[in-house]
Amino acid sequence: METKEIEIRVYDKREKSTGNLYVEQLSENKFRMTDNDIFNCRLTKGTEFETRINKDGLHEIVKILKDSDFITRRFFLSPQYKESDYRVLGDELTKRGGFWQVDFGGIATVNIPKDFEFNIDEAMKELDLNLTEITD
């Protein structure tokens with residue numbers, strides 16, 4: 001099965017909320033995340049999961065099949081920086097197989113390949129980006 005990005009509606013029983021996820025469909029009920037869910041920190045780029053369709057026709061995640069191979073970190077963006085300041089780091093990350101996204105205009109999520117040759121903290125320091133990391 002050739003994979004392409006699709007959008008699915010997912011109901012989260014624990015949070016009693018519904019949202020859209022961008023995924024690659026691997027089989028009828030198995031998917032791989034193509035970006036990061038802003039609310040569920042387990043659903044990051046590359047995470048594979050299985051769903052079932054509930055009585056309302058929405059996907060419900062049954063189980064995580066494979067955790068992401070990326071190191072995922074989230075940061076609050078500061079209004080003191082322009083987008084071009086962040087783009088240098090984001091473009092470098094993307095060139096080397098990583099991924100980055102910005103949600104709500106102020107939260108950056110970066111997916112760092114495990115073999116990334118740069119220390120992300122050092123790179124931010126060199127670019128004089130003092131960002132606050134969001135941790136669990």
# chains A, B, ... in the order shown; residues from 1 in each chain; ligands from 1
>>> residues_around(residues="Asn119 (chain A)", least_positions_apart="5", cutoff="12 Å", atoms="only C-alpha atoms", output="list in words")
Ile71, Leu89, Leu93, Ile112, Pro113, Lys114, Met124, Lys125 and Glu126 of chain A
>>> write_last_selection(atoms="N, CA and C atoms", output="PDB file, in the first residue's frame")
ATOM      1  N   ILE A  71      13.667  12.458  18.667  1.00  0.00           N
ATOM      2  CA  ILE A  71      13.663  13.109  19.971  1.00  0.00           C
ATOM      3  C   ILE A  71      12.774  14.336  19.789  1.00  0.00           C
ATOM      4  N   LEU A  89      17.385  27.703  12.233  1.00  0.00           N
ATOM      5  CA  LEU A  89      17.486  26.436  12.951  1.00  0.00           C
ATOM      6  C   LEU A  89      16.545  25.389  12.352  1.00  0.00           C
ATOM      7  N   LEU A  93      17.525  21.777  10.593  1.00  0.00           N
ATOM      8  CA  LEU A  93      16.939  20.551  11.127  1.00  0.00           C
ATOM      9  C   LEU A  93      16.271  19.754  10.006  1.00  0.00           C
ATOM     10  N   ILE A 112      13.906  15.830  16.402  1.00  0.00           N
ATOM     11  CA  ILE A 112      15.340  15.758  16.130  1.00  0.00           C
ATOM     12  C   ILE A 112      15.725  14.310  15.847  1.00  0.00           C
ATOM     13  N   PRO A 113      16.353  14.047  14.692  1.00  0.00           N
ATOM     14  CA  PRO A 113      16.816  12.676  14.434  1.00  0.00           C
ATOM     15  C   PRO A 113      17.819  12.271  15.514  1.00  0.00           C
ATOM     16  N   LYS A 114      17.776  11.005  15.902  1.00  0.00           N
ATOM     17  CA  LYS A 114      18.680  10.542  16.965  1.00  0.00           C
ATOM     18  C   LYS A 114      20.146  10.692  16.587  1.00  0.00           C
ATOM     19  N   MET A 124      21.003  26.642  19.425  1.00  0.00           N
ATOM     20  CA  MET A 124      20.148  27.759  19.845  1.00  0.00           C
ATOM     21  C   MET A 124      20.984  28.832  20.537  1.00  0.00           C
ATOM     22  N   LYS A 125      21.948  28.395  21.316  1.00  0.00           N
ATOM     23  CA  LYS A 125      22.823  29.351  22.008  1.00  0.00           C
ATOM     24  C   LYS A 125      23.630  30.176  20.996  1.00  0.00           C
ATOM     25  N   GLU A 126      24.175  29.501  19.982  1.00  0.00           N
ATOM     26  CA  GLU A 126      24.949  30.196  18.948  1.00  0.00           C
ATOM     27  C   GLU A 126      24.086  31.186  18.170  1.00  0.00           C
TER      28      GLU A 126
END
>>> residues_around(residues="Val10 (chain A)", least_positions_apart="3", cutoff="10 Å", atoms="only C-alpha atoms", output="list of chain:residue names")
A:Glu7, A:Lys13, A:Ser17, A:Thr18, A:Gly19, A:Asn20, A:Leu21, A:Thr51, A:Arg52, A:Ile53, A:Asn54, A:Gly57, A:Leu58, A:His59, A:Glu60, A:Ile61
>>> residues_around(residues="Val23 (chain A)", least_positions_apart="4", cutoff="8 Å", atoms="only C-alpha atoms", output="PyMOL selection string")
chain A and resi 5-8+31-35
>>> select_by_dssp(residues="region 26-129 of chain A", states="strand (DSSP E or B)", output="JSON, numbers by chain")
{"A": [26, 27, 30, 31, 32, 33, 48, 49, 50, 51, 52, 53, 59, 60, 61, 62, 63, 64, 65, 66, 70, 71, 72, 73, 74, 75, 76, 99, 100, 101, 102, 103, 107, 108, 109, 110, 111, 112, 113]}
>>> residues_around(residues="Thr3 (chain A)", least_positions_apart="6", cutoff="7 Å", atoms="only C-alpha atoms", output="ChimeraX atom specification")
/A:24-26
>>> write_last_selection(atoms="N, CA and C atoms", output="mmCIF file, in the first residue's frame")
data_model
loop_
_atom_site.group_PDB
_atom_site.id
_atom_site.type_symbol
_atom_site.label_atom_id
_atom_site.label_comp_id
_atom_site.auth_asym_id
_atom_site.auth_seq_id
_atom_site.Cartn_x
_atom_site.Cartn_y
_atom_site.Cartn_z
ATOM 1 N N GLU A 24 -0.096 9.049 7.913
ATOM 2 C CA GLU A 24 0.004 8.154 6.758
ATOM 3 C C GLU A 24 -0.769 6.907 7.139
ATOM 4 N N GLN A 25 -1.617 6.430 6.247
ATOM 5 C CA GLN A 25 -2.367 5.213 6.522
ATOM 6 C C GLN A 25 -1.521 4.024 6.118
ATOM 7 N N LEU A 26 -1.209 3.155 7.089
ATOM 8 C CA LEU A 26 -0.362 1.990 6.843
ATOM 9 C C LEU A 26 -1.183 0.759 6.488
#
>>> atom_distance(atom1="CA of Lys63 (chain A)", atom2="CA of Asn40 (chain A)")
13.4 Å
>>> select_by_dssp(residues="region 12-131 of chain A", states="helix (DSSP H, G or I)", output="count of residues only")
20
>>> closest_residue(among="A:Thr47, A:Asn111, A:Ser84, A:Ser27", to="Gly97 (chain A)", atoms="only C-alpha atoms")
A:Asn111
>>> decode(residues="region 12-44 of chain A", atoms="N, CA, C and O atoms", output="compact mmCIF listing (two decimals), in the first residue's frame")
# COMPACT_ATOMS: atom_id res chain seq x y z
N ASP A 12 -10.58 11.18 21.73
CA ASP A 12 -9.75 10.76 22.86
C ASP A 12 -10.68 10.52 24.05
O ASP A 12 -11.25 11.46 24.60
N LYS A 13 -10.84 9.24 24.42
CA LYS A 13 -11.75 8.87 25.51
C LYS A 13 -11.33 9.51 26.83
O LYS A 13 -12.17 9.98 27.59
N ARG A 14 -10.04 9.51 27.10
CA ARG A 14 -9.58 10.04 28.40
C ARG A 14 -9.85 11.53 28.52
O ARG A 14 -10.24 12.01 29.57
N GLU A 15 -9.60 12.25 27.44
CA GLU A 15 -9.79 13.71 27.48
C GLU A 15 -11.21 14.13 27.08
O GLU A 15 -11.55 15.30 27.20
N LYS A 16 -11.98 13.17 26.57
CA LYS A 16 -13.33 13.45 26.06
C LYS A 16 -13.29 14.61 25.06
O LYS A 16 -14.06 15.57 25.16
N SER A 17 -12.36 14.48 24.10
CA SER A 17 -12.21 15.52 23.08
C SER A 17 -11.98 14.88 21.72
O SER A 17 -11.56 13.74 21.61
N THR A 18 -12.28 15.64 20.69
CA THR A 18 -12.12 15.19 19.31
C THR A 18 -11.20 16.17 18.59
O THR A 18 -11.30 17.38 18.78
N GLY A 19 -10.30 15.63 17.78
CA GLY A 19 -9.40 16.48 17.01
C GLY A 19 -9.00 15.81 15.73
O GLY A 19 -9.28 14.63 15.49
N ASN A 20 -8.33 16.55 14.88
CA ASN A 20 -7.84 16.03 13.61
C ASN A 20 -6.35 15.73 13.72
O ASN A 20 -5.61 16.50 14.32
N LEU A 21 -5.94 14.62 13.12
CA LEU A 21 -4.54 14.23 13.07
C LEU A 21 -4.14 14.04 11.61
O LEU A 21 -4.92 13.50 10.82
N TYR A 22 -2.93 14.46 11.29
CA TYR A 22 -2.37 14.20 9.96
C TYR A 22 -1.49 12.97 10.06
O TYR A 22 -0.58 12.91 10.90
N VAL A 23 -1.79 11.99 9.22
CA VAL A 23 -1.16 10.67 9.32
C VAL A 23 -0.92 10.08 7.93
O VAL A 23 -1.48 10.54 6.94
N GLU A 24 -0.10 9.05 7.91
CA GLU A 24 0.00 8.15 6.76
C GLU A 24 -0.77 6.91 7.14
O GLU A 24 -0.60 6.39 8.25
N GLN A 25 -1.62 6.43 6.25
CA GLN A 25 -2.37 5.21 6.52
C GLN A 25 -1.52 4.02 6.12
O GLN A 25 -1.16 3.88 4.95
N LEU A 26 -1.21 3.15 7.09
CA LEU A 26 -0.36 1.99 6.84
C LEU A 26 -1.18 0.76 6.49
O LEU A 26 -0.73 -0.11 5.75
N SER A 27 -2.37 0.66 7.04
CA SER A 27 -3.32 -0.40 6.71
C SER A 27 -4.70 0.15 7.07
O SER A 27 -4.82 1.33 7.41
N GLU A 28 -5.70 -0.71 7.04
CA GLU A 28 -7.07 -0.22 7.28
C GLU A 28 -7.20 0.55 8.59
O GLU A 28 -7.87 1.58 8.66
N ASN A 29 -6.55 0.06 9.65
CA ASN A 29 -6.70 0.71 10.96
C ASN A 29 -5.36 1.03 11.64
O ASN A 29 -5.30 1.18 12.85
N LYS A 30 -4.29 1.12 10.85
CA LYS A 30 -2.97 1.46 11.40
C LYS A 30 -2.45 2.71 10.70
O LYS A 30 -2.54 2.83 9.47
N PHE A 31 -1.88 3.60 11.51
CA PHE A 31 -1.46 4.91 11.01
C PHE A 31 -0.10 5.32 11.58
O PHE A 31 0.30 4.83 12.63
N ARG A 32 0.57 6.25 10.88
CA ARG A 32 1.83 6.84 11.34
C ARG A 32 1.67 8.36 11.32
O ARG A 32 1.24 8.93 10.31
N MET A 33 2.00 9.00 12.41
CA MET A 33 1.90 10.46 12.51
C MET A 33 2.86 11.12 11.53
O MET A 33 4.01 10.70 11.40
N THR A 34 2.38 12.18 10.84
CA THR A 34 3.25 12.94 9.94
C THR A 34 3.62 14.29 10.53
O THR A 34 4.43 15.02 9.96
N ASP A 35 3.01 14.64 11.65
CA ASP A 35 3.39 15.84 12.39
C ASP A 35 3.19 15.55 13.87
O ASP A 35 3.22 14.39 14.27
N ASN A 36 2.99 16.55 14.69
CA ASN A 36 2.86 16.37 16.13
C ASN A 36 1.50 16.85 16.60
O ASN A 36 1.06 17.93 16.21
N ASP A 37 0.87 16.06 17.45
CA ASP A 37 -0.37 16.50 18.05
C ASP A 37 -0.01 17.45 19.19
O ASP A 37 0.84 17.14 20.02
N ILE A 38 -0.62 18.58 19.23
CA ILE A 38 -0.28 19.60 20.23
C ILE A 38 -0.77 19.20 21.62
O ILE A 38 -0.18 19.58 22.63
N PHE A 39 -1.82 18.37 21.72
CA PHE A 39 -2.39 18.04 23.02
C PHE A 39 -1.93 16.70 23.58
O PHE A 39 -1.84 16.55 24.79
N ASN A 40 -1.68 15.72 22.73
CA ASN A 40 -1.24 14.41 23.20
C ASN A 40 0.24 14.25 22.88
O ASN A 40 0.61 14.01 21.72
N CYS A 41 1.08 14.37 23.88
CA CYS A 41 2.53 14.36 23.68
C CYS A 41 3.08 13.01 23.24
O CYS A 41 4.24 12.91 22.84
N ARG A 42 2.28 11.96 23.30
CA ARG A 42 2.73 10.65 22.79
C ARG A 42 2.60 10.56 21.28
O ARG A 42 3.24 9.74 20.64
N LEU A 43 1.74 11.40 20.70
CA LEU A 43 1.50 11.34 19.26
C LEU A 43 2.39 12.37 18.55
O LEU A 43 1.97 13.47 18.24
N THR A 44 3.63 11.95 18.32
CA THR A 44 4.60 12.81 17.65
C THR A 44 4.98 12.20 16.31
O THR A 44 4.69 11.03 16.03
